[in-house]
Amino acid sequence: MLTHHDPEAKIVPKFIGEVGLSHEGSLGIAMNMVKNAKSCGLDLVKFQMHDIETESTSLESFRVNVFPQDKTRMDYWQRTSFSSDQWLQLVNYCRDIEIEFLCTPFSVNSAKFLKQIGCDKIKIGSGDSLNLELLSYCKKEFDKVFVSTGMSYVSELDFLVSYFSDMPEKLVLMQCTSLYPTPPEKVGLVFIEEMKRYGVELGLSDHTGNKFSIFAGITKEISFIEFHLAYSRNQFGPDANSSITFDDALEVVAFREHWKKLNSFSYSKDVVSKELSETRLLFGRSLALKQPLKKGEILLDENLTLKKPGGYLNWSEKTKILGKRALLDIDSRTPLRESLFE
């Protein structure tokens, strides 16, 4: 596993585009958002899987109730859920266009279904970060377990790392704050530096709805950055104001590629300067006269200055011509050469 202090390489994060339930139960919209995520250059696209029978009781309430057609949370889960065949169709579509499918289950039952349809990675939401029933199953059955820490105490992070201590390569701790949208001062990028002591892969799950937060996250040398996607910040749904648009996603991918090149270990100062040899001559300086010198006059130190371009005699070579007589009239715009003097 690549450590976060490997001196030989910069960690360039993979991007996870969170669709969640923004598809509003439409398989067509879900597939279109997958297509757009792929077109933007994202690496993974993430959904949420809710199983109303094994996830919630009748007492569960809405986080944000903006759904006029849904009287209860159960109604919402049922309306926005896909059938088994639809989930398989969505997973196969992701495979066909070569973007990795990721999903957050909210019950062991849902996690088992994801395993059954061939998923090898899984995401645990902040509310289930201490759900040992779900964690134990996912730790055993999946190759990679992303865990959001949006409501976690530090002691609970310590517990998670300890819980995965026999399989640390499976755990990805996602710094997260469960506020929608999250104000920038509560994103906790500075806390990522403290999290590096755990020695596991790290990520950022961003809810600011601001691409600048993602730009900053890229520079933290973490393995993954997750952000919600929307066609518009005015799109219907509870997550629109904490999402970035697909146009924003194009920019964060472009910034990631630019940052990667900025930190390239292939850079050599000497090699680049050699490549700039013509430019060095153009902007360099050579010995020249402050004022014209007539034929027969002796060149004195006080006559000399440096003028562009380079490539002729430099300042340290002035002893080659000082004290000698000019063989002809020399104007002040002529680079000086030994052949002009006797």
# chains A, B, ... in the order shown; residues from 1 in each chain; ligands from 1
call {"tool": "residues_around", "arguments": {"residues": "His23 of chain A", "least_positions_apart": "3", "cutoff": "10 Å", "atoms": "only C-alpha atoms", "output": "PyMOL selection string"}}
result
chain A and resi 19-20+26-33+47+80-81+230+236-237
call {"tool": "residues_around", "arguments": {"residues": "Val190 of chain A", "least_positions_apart": "4", "cutoff": "12 Å", "atoms": "only C-alpha atoms", "output": "list in words"}}
result
Gln175, Cys176, Pro184, Glu185, Lys186, Glu194, Met195, Lys196, Leu204, Ala216, Gly217, Thr219 and Lys220 of chain A
call {"tool": "write_last_selection", "arguments": {"atoms": "C-alpha atoms", "output": "compact mmCIF listing (two decimals), in the first residue's frame"}}
result
# COMPACT_ATOMS: atom_id res chain seq x y z
CA GLN A 175 -13.02 13.06 6.40
CA CYS A 176 -16.51 14.45 6.29
CA PRO A 184 -15.72 25.99 4.47
CA GLU A 185 -14.41 26.51 8.00
CA LYS A 186 -15.99 23.21 9.03
CA GLU A 194 -3.80 14.50 11.87
CA MET A 195 -5.53 11.53 10.25
CA LYS A 196 -2.36 10.60 8.37
CA LEU A 204 -12.51 13.69 1.69
CA ALA A 216 -7.77 22.44 -1.93
CA GLY A 217 -8.46 18.78 -1.14
CA THR A 219 -3.31 19.22 -2.62
CA LYS A 220 -3.69 17.24 0.64
call {"tool": "closest_atom_pairs", "arguments": {"of": "segment 244-281 of chain A", "to": "segment 301-317 of chain A", "cutoff": "12 Å", "atoms": "only C-alpha atoms", "output": "CSV"}}
result
residue,atom,partner,partner_atom,distance
A:Ser277,CA,A:Gly311,CA,10.1
A:Glu278,CA,A:Gly310,CA,9.5
A:Thr279,CA,A:Gly310,CA,9.5
A:Arg280,CA,A:Gly310,CA,7.2
A:Leu281,CA,A:Gly310,CA,4.4
call {"tool": "write_last_selection", "arguments": {"atoms": "C-alpha atoms", "output": "CSV table (one decimal), in the first residue's frame"}}
result
chain,number,residue,atom,x,y,z
A,277,SER,CA,19.3,27.7,-24.5
A,278,GLU,CA,17.9,29.9,-27.2
A,279,THR,CA,15.8,31.8,-24.7
A,280,ARG,CA,18.9,32.2,-22.5
A,281,LEU,CA,20.7,33.9,-25.4
call {"tool": "residues_around", "arguments": {"residues": "Pro168 of chain A", "least_positions_apart": "3", "cutoff": "12 Å", "atoms": "only C-alpha atoms", "output": "number ranges by chain"}}
result
A: 1, 3, 139, 143-146, 160-165, 171-173, 198-202
call {"tool": "write_last_selection", "arguments": {"atoms": "N, CA and C atoms", "output": "CSV table (one decimal), in the first residue's frame"}}
result
chain,number,residue,atom,x,y,z
A,1,MET,N,0.8,-1.2,0.0
A,1,MET,CA,0.0,0.0,0.0
A,1,MET,C,0.9,1.2,0.0
A,3,THR,N,2.1,4.6,1.0
A,3,THR,CA,2.0,5.4,2.3
A,3,THR,C,1.9,6.8,2.0
A,139,LYS,N,-16.4,-5.7,6.0
A,139,LYS,CA,-15.0,-6.0,6.2
A,139,LYS,C,-14.6,-7.4,5.7
A,143,ASP,N,-13.4,-5.8,-0.8
A,143,ASP,CA,-11.9,-5.5,-0.9
A,143,ASP,C,-11.6,-4.1,-0.3
A,144,LYS,N,-12.5,-3.2,-0.4
A,144,LYS,CA,-12.3,-1.8,0.0
A,144,LYS,C,-13.6,-1.4,0.7
A,145,VAL,N,-13.4,-0.8,1.9
A,145,VAL,CA,-14.6,-0.3,2.7
A,145,VAL,C,-14.3,1.2,3.0
A,146,PHE,N,-15.0,2.1,2.3
A,146,PHE,CA,-15.0,3.5,2.6
A,146,PHE,C,-15.9,3.8,3.7
A,160,LEU,N,-12.3,2.7,14.7
A,160,LEU,CA,-12.4,2.1,13.4
A,160,LEU,C,-11.0,1.6,12.9
A,161,VAL,N,-10.0,2.4,13.1
A,161,VAL,CA,-8.7,1.9,12.7
A,161,VAL,C,-8.2,0.7,13.4
A,162,SER,N,-8.5,0.6,14.7
A,162,SER,CA,-8.3,-0.6,15.5
A,162,SER,C,-9.1,-1.8,14.9
A,163,TYR,N,-10.3,-1.5,14.6
A,163,TYR,CA,-11.2,-2.6,14.1
A,163,TYR,C,-10.7,-3.2,12.8
A,164,PHE,N,-10.1,-2.4,12.0
A,164,PHE,CA,-9.5,-2.9,10.7
A,164,PHE,C,-8.0,-3.1,10.8
A,165,SER,N,-7.5,-3.2,12.0
A,165,SER,CA,-6.0,-3.4,12.2
A,165,SER,C,-5.5,-4.7,11.6
A,171,LEU,N,-9.5,-0.5,4.6
A,171,LEU,CA,-10.1,0.7,5.1
A,171,LEU,C,-9.7,2.0,4.4
A,172,VAL,N,-10.8,2.8,4.0
A,172,VAL,CA,-10.5,4.2,3.6
A,172,VAL,C,-11.3,5.1,4.5
A,173,LEU,N,-10.6,5.9,5.3
A,173,LEU,CA,-11.3,6.8,6.2
A,173,LEU,C,-11.6,8.1,5.4
A,198,TYR,N,-2.8,7.5,11.1
A,198,TYR,CA,-3.4,6.2,11.2
A,198,TYR,C,-2.8,5.2,10.2
A,199,GLY,N,-2.1,5.8,9.2
A,199,GLY,CA,-1.4,4.9,8.2
A,199,GLY,C,-2.3,4.1,7.3
A,200,VAL,N,-3.6,4.6,7.1
A,200,VAL,CA,-4.5,4.0,6.2
A,200,VAL,C,-4.8,5.0,5.1
A,201,GLU,N,-5.5,4.5,4.0
A,201,GLU,CA,-5.9,5.4,3.0
A,201,GLU,C,-6.9,6.4,3.5
A,202,LEU,N,-6.8,7.6,3.0
A,202,LEU,CA,-7.7,8.7,3.4
A,202,LEU,C,-8.4,9.3,2.2
call {"tool": "select_by_dssp", "arguments": {"residues": "segment 81-302 of chain A", "states": "strand (DSSP E or B)", "output": "ChimeraX atom specification"}}
result
/A:100-105,121-124,144-148,171-176,201-206,224-230,243-245,286-289,293,298
call {"tool": "atom_distance", "arguments": {"atom1": "atom CA of Glu342 of chain A", "atom2": "atom CA of Gly284 of chain A"}}
result
26.4 Å
call {"tool": "atom_distance", "arguments": {"atom1": "atom CA of Phe246 of chain A", "atom2": "atom CA of Glu100 of chain A"}}
result
17.3 Å
call {"tool": "closest_residue", "arguments": {"among": "A:Ser242, A:Ser107, A:Ser22, A:Thr149", "to": "Leu130 of chain A", "atoms": "only C-alpha atoms"}}
result
A:Thr149
call {"tool": "atom_distance", "arguments": {"atom1": "atom CA of Ile298 of chain A", "atom2": "atom CA of Phe341 of chain A"}}
result
9.0 Å
call {"tool": "closest_residue", "arguments": {"among": "A:Ile52, A:Leu293, A:Val34, A:Ile122", "to": "Gly17 of chain A", "atoms": "only C-alpha atoms"}}
result
A:Val34
call {"tool": "select_by_dssp", "arguments": {"residues": "segment 12-234 of chain A", "states": "helix (DSSP H, G or I)", "output": "PyMOL selection string"}}
result
chain A and resi 27-40+52-55+73-80+84-97+108-116+126-128+132-141+154-163+168-170+184-186+189-198+211-218
call {"tool": "closest_residue", "arguments": {"among": "A:Lys46, A:Lys38, A:Arg197, A:His258", "to": "Leu21 of chain A", "atoms": "only C-alpha atoms"}}
result
A:Lys46
call {"tool": "residues_around", "arguments": {"residues": "Met49 of chain A", "least_positions_apart": "5", "cutoff": "8 Å", "atoms": "only C-alpha atoms", "output": "JSON, numbers by chain"}}
result
{"A": [81, 103, 104, 105, 106, 110]}
call {"tool": "write_last_selection", "arguments": {"atoms": "N, CA and C atoms", "output": "tab-separated table (two decimals), in the first residue's frame"}}
result
chain	number	residue	atom	x	y	z
A	81	SER	N	-36.38	3.97	-4.94
A	81	SER	CA	-35.60	2.74	-4.99
A	81	SER	C	-35.71	2.06	-6.35
A	103	CYS	N	-21.55	2.10	-4.14
A	103	CYS	CA	-22.87	2.30	-3.53
A	103	CYS	C	-22.78	2.26	-2.01
A	104	THR	N	-23.64	3.03	-1.38
A	104	THR	CA	-23.79	3.01	0.07
A	104	THR	C	-25.03	2.21	0.42
A	105	PRO	N	-24.87	1.05	1.06
A	105	PRO	CA	-26.04	0.32	1.56
A	105	PRO	C	-26.37	0.83	2.96
A	106	PHE	N	-27.62	0.75	3.33
A	106	PHE	CA	-28.01	1.17	4.67
A	106	PHE	C	-28.55	0.00	5.49
A	110	SER	N	-28.88	-4.97	2.03
A	110	SER	CA	-28.47	-4.26	0.82
A	110	SER	C	-27.01	-4.56	0.48
call {"tool": "residues_around", "arguments": {"residues": "segment 320-337 of chain A", "least_positions_apart": "4", "cutoff": "6 Å", "atoms": "only C-alpha atoms", "output": "ChimeraX atom specification"}}
result
/A:287-300,341-342
call {"tool": "closest_residue", "arguments": {"among": "A:Phe224, A:Val187, A:Thr208, A:Glu257", "to": "Ile244 of chain A", "atoms": "only C-alpha atoms"}}
result
A:Thr208
